[in-house]
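**Student:** Here you go, one structure.
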Protein chains: 2
Amino acid sequence: MLTVYSEEHKRRNAKTELHGGELVASFECPSRIDFILARIEEVNLGVVEAPQSFGLDPVLRVHQRGFVDFLQNCWRDWLAEGYGGVALPSAWPARGMRQDRVPDDIRGRLGYFAFAADTSIEEGTWQAVRASADVALSAQKHVLKGARAAFALCRPPGHHAASDLYGGYCFLNNAAIAAQAFRDEGAKRVAVLDVDFHHGNGTQEIFYGRDDVLFVSLHGDPGSAFPHFLGHADETGKGAGEGFNVNLPLPPGTSFDEWAIALEEALRRISDFSPDVLVVSLGVDTFKDDPISLFRLESDDFKTYGARLALLGLPTLFVMEGGYAVEEIGINTVNVLTGFDNAL
Amino acid sequence: MLTVYSEEHKRRNAKTELHGGELVASFECPSRIDFILARIEEVNLGVVEAPQSFGLDPVLRVHQRGFVDFLQNCWRDWLAEGYGGVALPSAWPARGMRQDRVPDDIRGRLGYFAFAADTSIEEGTWQAVRASADVALSAQKHVLKGARAAFALCRPPGHHAASDLYGGYCFLNNAAIAAQAFRDEGAKRVAVLDVDFHHGNGTQEIFYGRDDVLFVSLHGDPGSAFPHFLGHADETGKGAGEGFNVNLPLPPGTSFDEWAIALEEALRRISDFSPDVLVVSLGVDTFKDDPISLFRLESDDFKTYGARLALLGLPTLFVMEGGYAVEEIGINTVNVLTGFDNAL
């Protein structure tokens with residue numbers, strides 16, 4: 001399987017994140033990608049190539065321009081207002097507050113466009129974010145041109161980013177950008193399967209009113225897991241999109257046996273949809289030792305479900321999302337990909 | 001003028017606040033009150049007495065029970081889930097996310113009930129918060145019984161706290177609780193004048209649909225000042241409350257001359273309303289050297305406007321809100337009160 005990868009991800013090296021009431025070293029760190037890349041080479045998964053640049057047009061197909069402008073200029077504006085540290089939101093438009101006006105000052109704009117205070121914006125963040133979208137689009141082109149599968153080794157991840165919201169380490173929604181590109185380049189129906197421990201609230205929001213992109217997610221029940229405020233089973237789409245959003249929340253402590261039953265339901269929904277192509281939001285934070293997640297998958301389980309995904313028989317784009325057990329992230333991620341390849 | 005004060009405020013000693021992308025010493029600190037109390041004694045303002053306890057019934061007249069339960073139990077629940085540090089929200093229900101379900105876990109509940117990440121909940125916070133409401137209610141009783149004025153030396157402050165939201169150093173809305181108590185104990189119309197630099201978004205929200213409590217606020221334009229997402233001039237009330245909410249936002253750098261013109265407009269609106277009693281949300285962060293505010297009042301200006309307030313001829317309850325230029329907070333606060341007293 002071909003992998004697309006960009007060195008630019010290293011420019012996203014968050015100094016800190018707000019976690020458990022403290023500013024701690026960010027769980028979403030550059031070494032995550034180093035471990036995955038090393039494992040790809042170790043098992044000879046296939047060619048690793050650099051992305052092409054696609055500009056902002058495909059990004060703006062799923063994100064609002066004002067939001068993208070904000071991401072692009074945030075760090076400059078933060079410095080211009082004399083702040084040090086890292087750019088973090090500290091107040092936001094909660095229930096009953098105005099959501100129809102974007103404040104002028106950078107503190108207000110941070111709160112307007114964020115849904116979480118865990119995710120800093122710093123020097124280099126935008127450059128890494130743009131490159132990550134290009135990684136997704138470059139891998140997408142390989143699948144578009146006929147590859148059975150490709151792996152977009154994206155960083156930062158994307159599935160929490162909505163059309164005009166960032167958070168959960170995500171800024172632009174790489175999987176959604178790729179799914180939309182498939183649609184714009186000829187696919188009639190695209191399915192997005194999100195296997196990250198955390199609900200892909202951003203992807204859901206982007207496609208919630210549409211019947212041409214099916215979103216299916218297995219994830220920790222938001223009653224007890226981030227992102228807390230989206231991902232319930234009764235969120236099934238709206239308008240034309242009614243019935244094209246499938247959430248399968250699972251309780252803390254879910255084992256692979258239980259997870260695999262939910263996966264079968266997910267795959268059944270995808271098969272019923274009869275998509276032209278599958279995008280997998282590949283988070284491996286379902287692993288038992290993940291420091292910020294609550295499921296109990298073992299490393300071999302990732303190989304098992306990778307093989308199962310191959311049986312769908314669909315052209316498949318894997319897009320890297322979360323996974324914070326850094327030492328094992330390479331093995332777990334590549335297990336999915338080799339499991340898939342070996343089942344072909 | 002009589003002052004009500006409780007030692008319990010010292011139990012609110014926030015270790016830290018999120019400000020400018022860093023965790024810094026909280027601007028809202030116990031010594032604020034020490035300086036005010038010292039100045040009260042220095043100028044012999046009048047008797048200082050401890051509050052009575054009024055329980056939660058008057059609090060629940062303006063705050064939702066689920067919110068009050070959350071405040072009461074938050075620190076216990078935070079510890080029970082194994083967190084250290086201080087309890088801070090890190091994710092919240094933003095645009096398009098669910099606001100109809102309160103998450104089970106404490107991280108989700110923090111985000112649900114907060115509108116800002118600047119305000120920690122820690123050991124002792126609830127005890128200080130309850131005492132602060134009792135301080136407001138105790139001073140309110142003096143005015144109810146015929147005192148021309150009384151000063152509730154509240155800490156923590158309250159005007160940012162809405163019926164079910166906390167933030168901006170505020171948890172329970174002391175001024176709103178007192179205003180409601182006046183109504184419940186015989187006043188037909190109550191006016192709340194908020195002179196804190198920051199918009200009193202919580203007080204506005206609590207009374208927004210009502211015509212029996214007029215809310216008038218002079219404050220930094222939310223386009224460039226906290227709380228960012230409420231306080232615009234076009235927020236005039238809703239339903240029966242239409243016309244009973246008056247926001248007078250002023251630009252950064254506003255001097256006393258400009259501020260005093262807006263005050264005249266505020267007082268005209270209050271006179272037109274013909275209230276039985278006036279509650280003043282007294283923040284002195286309009287002072288030129290306030291570290292987190294943007295107006296340019298001098299210490300003598302506080303005496304001038306205190307005198308002007310007395311000319312309204314209304315029974316008046318002063319409720320302490322913000323002010324973070326700690327060395328001068330005693331002089332500025334007490335200048336308002338002596339200005340008022342000397343004009344009688």
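By order of appearance in the structure tokens: chains A, B, ..., then residues from 1 within every chain, and ligands from 1 in the order shown.
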Please, can I see chain A fitted onto chain B by all in-order Cα atoms (least squares), as a short mmCIF file (atom, residue, chain, number, x, y, z; two decimals) with C-alpha atoms, in the first residue's frame?
**Tutor:**
data_model
loop_
_atom_site.label_atom_id
_atom_site.label_comp_id
_atom_site.auth_asym_id
_atom_site.auth_seq_id
_atom_site.Cartn_x
_atom_site.Cartn_y
_atom_site.Cartn_z
CA MET A 1 -22.85 53.27 54.92
CA LEU A 2 -23.05 49.75 56.31
CA THR A 3 -20.87 47.05 54.78
CA VAL A 4 -21.54 43.31 54.86
CA TYR A 5 -18.47 41.13 54.62
CA SER A 6 -17.62 37.45 55.16
CA GLU A 7 -14.25 35.90 55.94
CA GLU A 8 -15.38 32.94 53.85
CA HIS A 9 -14.25 34.72 50.69
CA LYS A 10 -10.71 33.61 51.57
CA ARG A 11 -11.67 30.05 50.71
CA ARG A 12 -11.75 31.22 47.10
CA ASN A 13 -8.04 31.51 46.37
CA ALA A 14 -7.70 30.34 42.78
CA LYS A 15 -4.33 28.77 42.15
CA THR A 16 -4.37 29.77 38.54
CA GLU A 17 -6.36 31.10 35.60
CA LEU A 18 -6.01 30.61 31.85
CA HIS A 19 -5.05 34.04 30.49
CA GLY A 20 -3.27 34.86 27.26
CA GLY A 21 -2.54 31.21 26.57
CA GLU A 22 -0.82 30.65 29.90
CA LEU A 23 -1.85 29.56 33.38
CA VAL A 24 -1.09 32.64 35.50
CA ALA A 25 -1.84 33.79 39.04
CA SER A 26 -5.50 34.73 39.14
CA PHE A 27 -6.30 38.43 38.86
CA GLU A 28 -9.34 37.75 41.04
CA CYS A 29 -7.46 37.23 44.33
CA PRO A 30 -8.30 37.47 48.06
CA SER A 31 -6.16 40.57 48.62
CA ARG A 32 -8.63 42.59 46.55
CA ILE A 33 -11.02 42.41 49.47
CA ASP A 34 -8.31 43.12 52.06
CA PHE A 35 -7.53 46.43 50.38
CA ILE A 36 -11.20 47.42 50.24
CA LEU A 37 -11.78 46.48 53.87
CA ALA A 38 -8.70 48.40 54.99
CA ARG A 39 -9.90 51.48 53.15
CA ILE A 40 -13.39 51.18 54.64
CA GLU A 41 -11.82 51.26 58.09
CA GLU A 42 -9.41 54.03 57.18
CA VAL A 43 -12.19 56.42 56.15
CA ASN A 44 -14.68 55.19 58.76
CA LEU A 45 -17.26 54.38 56.12
CA GLY A 46 -19.45 52.70 58.72
CA VAL A 47 -20.20 49.44 60.46
CA VAL A 48 -18.86 46.20 58.93
CA GLU A 49 -20.93 43.19 59.81
CA ALA A 50 -20.99 39.49 58.97
CA PRO A 51 -23.77 38.04 56.81
CA GLN A 52 -26.69 35.90 57.91
CA SER A 53 -27.29 32.63 56.09
CA PHE A 54 -30.28 32.42 53.74
CA GLY A 55 -29.87 28.95 52.32
CA LEU A 56 -30.30 28.14 48.64
CA ASP A 57 -33.95 29.14 48.16
CA PRO A 58 -33.20 32.74 47.09
CA VAL A 59 -30.37 31.45 44.87
CA LEU A 60 -32.71 29.04 43.11
CA ARG A 61 -35.04 31.94 42.26
CA VAL A 62 -32.56 32.97 39.54
CA HIS A 63 -30.36 29.92 38.98
CA GLN A 64 -31.29 26.45 37.71
CA ARG A 65 -31.07 23.64 40.24
CA GLY A 66 -28.93 21.41 38.03
CA PHE A 67 -26.41 24.23 37.70
CA VAL A 68 -26.32 24.89 41.44
CA ASP A 69 -25.92 21.15 42.12
CA PHE A 70 -23.02 21.10 39.67
CA LEU A 71 -21.26 24.01 41.39
CA GLN A 72 -21.77 22.42 44.78
CA ASN A 73 -20.37 19.00 43.77
CA CYS A 74 -17.87 19.85 41.04
CA TRP A 75 -14.69 19.71 43.08
CA ARG A 76 -15.66 16.41 44.73
CA ASP A 77 -16.50 14.91 41.32
CA TRP A 78 -13.27 16.22 39.77
CA LEU A 79 -11.21 14.54 42.49
CA ALA A 80 -13.29 11.36 42.25
CA GLU A 81 -12.38 11.03 38.56
CA GLY A 82 -8.71 11.17 39.51
CA TYR A 83 -7.76 14.60 38.23
CA GLY A 84 -5.24 16.87 39.89
CA GLY A 85 -4.66 20.52 39.10
CA VAL A 86 -7.80 22.63 39.21
CA ALA A 87 -11.16 21.94 37.57
CA LEU A 88 -11.22 23.80 34.24
CA PRO A 89 -13.44 23.19 31.22
CA SER A 90 -11.62 22.03 28.10
CA ALA A 91 -14.43 21.36 25.61
CA TRP A 92 -17.91 22.82 25.27
CA PRO A 93 -21.10 22.55 23.21
CA ALA A 94 -20.30 24.91 20.34
CA ARG A 95 -22.38 25.75 17.27
CA GLY A 96 -24.19 22.70 16.00
CA MET A 97 -23.35 20.52 19.00
CA ARG A 98 -25.83 19.03 21.47
CA GLN A 99 -27.03 21.34 24.21
CA ASP A 100 -29.93 19.13 25.27
CA ARG A 101 -27.91 16.54 27.17
CA VAL A 102 -25.71 17.11 30.19
CA PRO A 103 -22.78 14.67 29.96
CA ASP A 104 -22.17 12.23 32.82
CA ASP A 105 -18.47 12.78 33.33
CA ILE A 106 -17.10 15.84 35.07
CA ARG A 107 -15.09 17.07 32.06
CA GLY A 108 -18.25 17.17 30.00
CA ARG A 109 -20.25 18.84 32.76
CA LEU A 110 -17.59 21.53 33.21
CA GLY A 111 -17.86 22.39 29.53
CA TYR A 112 -21.65 22.29 29.62
CA PHE A 113 -21.95 24.80 32.49
CA ALA A 114 -19.02 27.11 31.66
CA PHE A 115 -18.72 29.90 29.11
CA ALA A 116 -15.05 30.59 29.86
CA ALA A 117 -11.92 28.62 30.78
CA ASP A 118 -10.53 31.46 32.89
CA THR A 119 -12.36 30.39 36.03
CA SER A 120 -11.19 27.36 38.00
CA ILE A 121 -13.22 25.42 40.53
CA GLU A 122 -11.12 24.26 43.48
CA GLU A 123 -11.25 23.24 47.11
CA GLY A 124 -13.27 25.88 48.98
CA THR A 125 -14.73 27.57 45.91
CA TRP A 126 -18.32 26.59 46.67
CA GLN A 127 -18.11 27.72 50.30
CA ALA A 128 -16.91 31.17 49.24
CA VAL A 129 -19.54 31.35 46.50
CA ARG A 130 -22.38 30.58 48.91
CA ALA A 131 -21.09 33.11 51.43
CA SER A 132 -20.86 35.75 48.72
CA ALA A 133 -24.56 35.29 47.92
CA ASP A 134 -25.35 35.58 51.63
CA VAL A 135 -23.36 38.81 51.78
CA ALA A 136 -25.50 40.25 48.98
CA LEU A 137 -28.74 39.10 50.59
CA SER A 138 -27.75 40.40 54.03
CA ALA A 139 -26.96 43.86 52.68
CA GLN A 140 -30.17 43.72 50.64
CA LYS A 141 -32.17 43.21 53.86
CA HIS A 142 -30.76 46.45 55.29
CA VAL A 143 -31.95 48.40 52.27
CA LEU A 144 -35.28 46.57 52.34
CA LYS A 145 -35.74 47.67 55.94
CA GLY A 146 -35.13 51.30 55.11
CA ALA A 147 -31.41 52.00 54.90
CA ARG A 148 -30.67 54.58 52.20
CA ALA A 149 -27.79 52.40 51.02
CA ALA A 150 -25.66 49.40 51.92
CA PHE A 151 -22.53 47.80 50.52
CA ALA A 152 -22.30 44.05 49.85
CA LEU A 153 -18.58 43.35 49.79
CA CYS A 154 -19.04 40.21 47.70
CA ARG A 155 -16.26 37.93 46.57
CA PRO A 156 -16.24 36.04 44.26
CA PRO A 157 -18.11 38.48 42.03
CA GLY A 158 -21.31 37.51 40.25
CA HIS A 159 -22.46 39.52 37.24
CA HIS A 160 -21.11 37.14 34.57
CA ALA A 161 -23.01 34.17 36.05
CA ALA A 162 -26.18 33.35 34.08
CA SER A 163 -29.04 31.10 35.18
CA ASP A 164 -26.95 28.04 34.24
CA LEU A 165 -23.51 29.28 33.23
CA TYR A 166 -20.38 30.32 35.11
CA GLY A 167 -17.23 32.12 34.00
CA GLY A 168 -15.40 35.43 34.23
CA TYR A 169 -14.59 34.67 37.91
CA CYS A 170 -18.36 34.46 38.65
CA PHE A 171 -20.44 31.48 39.81
CA LEU A 172 -23.67 32.75 41.40
CA ASN A 173 -25.03 36.13 40.38
CA ASN A 174 -25.08 38.05 43.67
CA ALA A 175 -26.65 41.19 42.19
CA ALA A 176 -29.39 39.21 40.44
CA ILE A 177 -30.11 37.18 43.57
CA ALA A 178 -30.46 40.43 45.55
CA ALA A 179 -32.60 42.07 42.86
CA GLN A 180 -34.92 39.07 42.83
CA ALA A 181 -35.10 39.13 46.64
CA PHE A 182 -36.24 42.77 46.48
CA ARG A 183 -38.99 41.71 44.08
CA ASP A 184 -40.01 38.76 46.22
CA GLU A 185 -40.15 40.96 49.30
CA GLY A 186 -42.36 43.72 47.95
CA ALA A 187 -40.55 45.91 45.43
CA LYS A 188 -42.57 46.31 42.24
CA ARG A 189 -39.71 47.43 40.02
CA VAL A 190 -35.98 46.96 40.51
CA ALA A 191 -33.26 48.59 38.42
CA VAL A 192 -29.80 47.04 38.12
CA LEU A 193 -27.05 49.41 37.00
CA ASP A 194 -23.83 47.63 36.03
CA VAL A 195 -20.76 49.92 35.98
CA ASP A 196 -18.13 47.17 35.82
CA PHE A 197 -15.83 47.46 32.79
CA HIS A 198 -17.11 44.11 31.56
CA HIS A 199 -20.64 43.53 30.37
CA GLY A 200 -22.86 41.83 32.96
CA ASN A 201 -23.93 39.08 30.59
CA GLY A 202 -25.27 36.91 33.41
CA THR A 203 -27.56 39.56 34.85
CA GLN A 204 -28.80 40.39 31.36
CA GLU A 205 -29.60 36.76 30.63
CA ILE A 206 -31.44 36.23 33.92
CA PHE A 207 -33.81 39.18 33.47
CA TYR A 208 -33.92 39.37 29.64
CA GLY A 209 -37.57 38.36 29.30
CA ARG A 210 -38.91 40.45 32.20
CA ASP A 211 -40.30 43.95 32.56
CA ASP A 212 -40.05 44.12 36.36
CA VAL A 213 -36.26 44.29 36.48
CA LEU A 214 -34.50 46.86 34.31
CA PHE A 215 -30.88 46.04 33.45
CA VAL A 216 -28.63 48.90 32.34
CA SER A 217 -24.92 48.40 31.65
CA LEU A 218 -21.97 50.63 30.71
CA HIS A 219 -19.09 48.50 29.51
CA GLY A 220 -16.31 47.82 27.06
CA ASP A 221 -17.64 47.00 23.60
CA PRO A 222 -17.79 43.18 23.34
CA GLY A 223 -16.26 43.43 19.87
CA SER A 224 -12.96 43.95 21.69
CA ALA A 225 -13.59 42.97 25.32
CA PHE A 226 -14.62 40.02 27.47
CA PRO A 227 -17.21 38.45 27.56
CA HIS A 228 -17.06 38.94 23.75
CA PHE A 229 -20.43 37.33 22.95
CA LEU A 230 -22.99 39.53 24.72
CA GLY A 231 -23.37 43.23 25.48
CA HIS A 232 -24.18 44.81 22.13
CA ALA A 233 -26.51 47.82 21.95
CA ASP A 234 -29.12 45.92 19.94
CA GLU A 235 -29.82 43.54 22.85
CA THR A 236 -32.91 45.25 24.21
CA GLY A 237 -34.85 42.41 25.84
CA LYS A 238 -37.35 39.90 24.51
CA GLY A 239 -41.05 39.27 24.94
CA ALA A 240 -42.36 41.10 27.98
CA GLY A 241 -38.79 42.23 28.63
CA GLU A 242 -38.47 44.12 25.33
CA GLY A 243 -37.18 47.60 26.15
CA PHE A 244 -36.02 46.65 29.64
CA ASN A 245 -32.42 45.80 28.77
CA VAL A 246 -30.08 48.69 27.98
CA ASN A 247 -26.52 48.17 26.83
CA LEU A 248 -24.20 51.13 26.42
CA PRO A 249 -20.98 49.66 25.01
CA LEU A 250 -18.01 52.03 24.87
CA PRO A 251 -14.76 51.73 22.91
CA PRO A 252 -11.32 50.92 24.33
CA GLY A 253 -9.66 54.01 25.81
CA THR A 254 -12.90 55.63 26.98
CA SER A 255 -12.19 58.52 29.38
CA PHE A 256 -14.36 59.61 32.29
CA ASP A 257 -15.84 62.52 30.31
CA GLU A 258 -17.11 60.09 27.70
CA TRP A 259 -18.13 57.51 30.29
CA ALA A 260 -20.07 60.14 32.27
CA ILE A 261 -22.14 61.01 29.19
CA ALA A 262 -23.16 57.37 28.89
CA LEU A 263 -23.89 57.32 32.62
CA GLU A 264 -26.36 60.18 32.16
CA GLU A 265 -28.16 58.14 29.51
CA ALA A 266 -28.20 55.17 31.88
CA LEU A 267 -29.61 57.24 34.72
CA ARG A 268 -32.25 58.73 32.45
CA ARG A 269 -33.41 55.24 31.52
CA ILE A 270 -33.50 54.27 35.18
CA SER A 271 -35.47 57.37 36.16
CA ASP A 272 -37.96 56.72 33.36
CA PHE A 273 -38.45 53.21 34.75
CA SER A 274 -39.28 54.66 38.18
CA PRO A 275 -37.91 51.75 40.22
CA ASP A 276 -38.46 51.22 43.93
CA VAL A 277 -34.84 50.34 44.47
CA LEU A 278 -31.48 50.38 42.70
CA VAL A 279 -28.88 47.61 42.67
CA VAL A 280 -25.43 48.74 41.51
CA SER A 281 -23.07 46.07 40.17
CA LEU A 282 -19.97 47.89 41.32
CA GLY A 283 -16.86 46.96 39.38
CA VAL A 284 -13.98 49.43 39.52
CA ASP A 285 -12.02 47.90 36.64
CA THR A 286 -12.87 51.03 34.65
CA PHE A 287 -9.78 52.45 36.39
CA LYS A 288 -6.99 53.56 34.06
CA ASP A 289 -4.42 51.12 35.47
CA ASP A 290 -6.59 48.03 35.57
CA PRO A 291 -4.45 45.21 34.14
CA ILE A 292 -7.21 43.47 32.15
CA SER A 293 -9.51 46.37 31.17
CA LEU A 294 -9.43 49.26 28.73
CA PHE A 295 -11.02 52.45 30.18
CA ARG A 296 -9.27 55.47 31.68
CA LEU A 297 -11.08 56.58 34.84
CA GLU A 298 -9.00 58.30 37.55
CA SER A 299 -9.49 57.63 41.25
CA ASP A 300 -11.32 60.93 41.83
CA ASP A 301 -13.78 60.08 39.06
CA PHE A 302 -15.17 57.27 41.21
CA LYS A 303 -16.11 59.84 43.89
CA THR A 304 -17.75 62.02 41.26
CA TYR A 305 -19.96 59.28 39.89
CA GLY A 306 -20.78 57.96 43.38
CA ALA A 307 -22.21 61.40 44.14
CA ARG A 308 -24.12 61.38 40.87
CA LEU A 309 -25.75 58.05 41.71
CA ALA A 310 -27.01 59.47 44.99
CA LEU A 311 -28.95 62.14 43.08
CA LEU A 312 -31.26 59.44 41.73
CA GLY A 313 -32.79 59.48 45.20
CA LEU A 314 -33.27 55.72 45.31
CA PRO A 315 -32.62 53.17 48.04
CA THR A 316 -29.38 51.69 46.74
CA LEU A 317 -27.61 48.38 47.20
CA PHE A 318 -24.00 48.31 46.06
CA VAL A 319 -22.76 44.83 45.15
CA MET A 320 -19.02 44.34 44.60
CA GLU A 321 -18.02 43.00 41.20
CA GLY A 322 -14.62 43.36 39.45
CA GLY A 323 -11.50 45.51 39.80
CA TYR A 324 -8.00 44.10 39.43
CA ALA A 325 -5.67 47.04 40.07
CA VAL A 326 -5.32 45.63 43.55
CA GLU A 327 -3.30 48.43 45.17
CA GLU A 328 -5.88 51.05 44.22
CA ILE A 329 -9.02 48.93 44.49
CA GLY A 330 -9.73 50.10 48.05
CA ILE A 331 -9.49 53.79 47.21
CA ASN A 332 -11.53 53.49 44.02
CA THR A 333 -14.29 51.36 45.50
CA VAL A 334 -14.66 53.39 48.67
CA ASN A 335 -14.55 56.61 46.65
CA VAL A 336 -17.81 55.57 45.02
CA LEU A 337 -19.38 54.88 48.41
CA THR A 338 -18.15 58.05 50.14
CA GLY A 339 -19.06 60.08 47.07
CA PHE A 340 -22.57 58.66 47.39
CA ASP A 341 -22.76 59.25 51.17
CA ASN A 342 -21.41 62.77 51.00
CA ALA A 343 -23.98 63.78 48.37
CA LEU A 344 -26.90 62.82 50.60
#
**Student:** I need the alpha helix (DSSP H) residues of range 18-142 of chain A per DSSP on the backbone, written as a PyMOL selection string.
**Tutor:** chain A and resi 31-42+57-60+65-80+106-113+125-142
**Student:** Name the residues of range 122-271 of chain B that fall into strand (DSSP E) according to DSSP on the backbone, using the chain letters and numbers of this document, as a list in words.
**Tutor:**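 Going through range 122-271 of chain B, the strand (DSSP E) residues come out as Ala149, Ala150, Phe151, Ala152, Val190, Ala191, Val192, Leu193, Asp194, Val213, Leu214, Phe215, Val216, Ser217, Leu218, His219, Gly220, Asn245, Val246, Asn247, Leu248, Pro249 and Leu250 of chain B.
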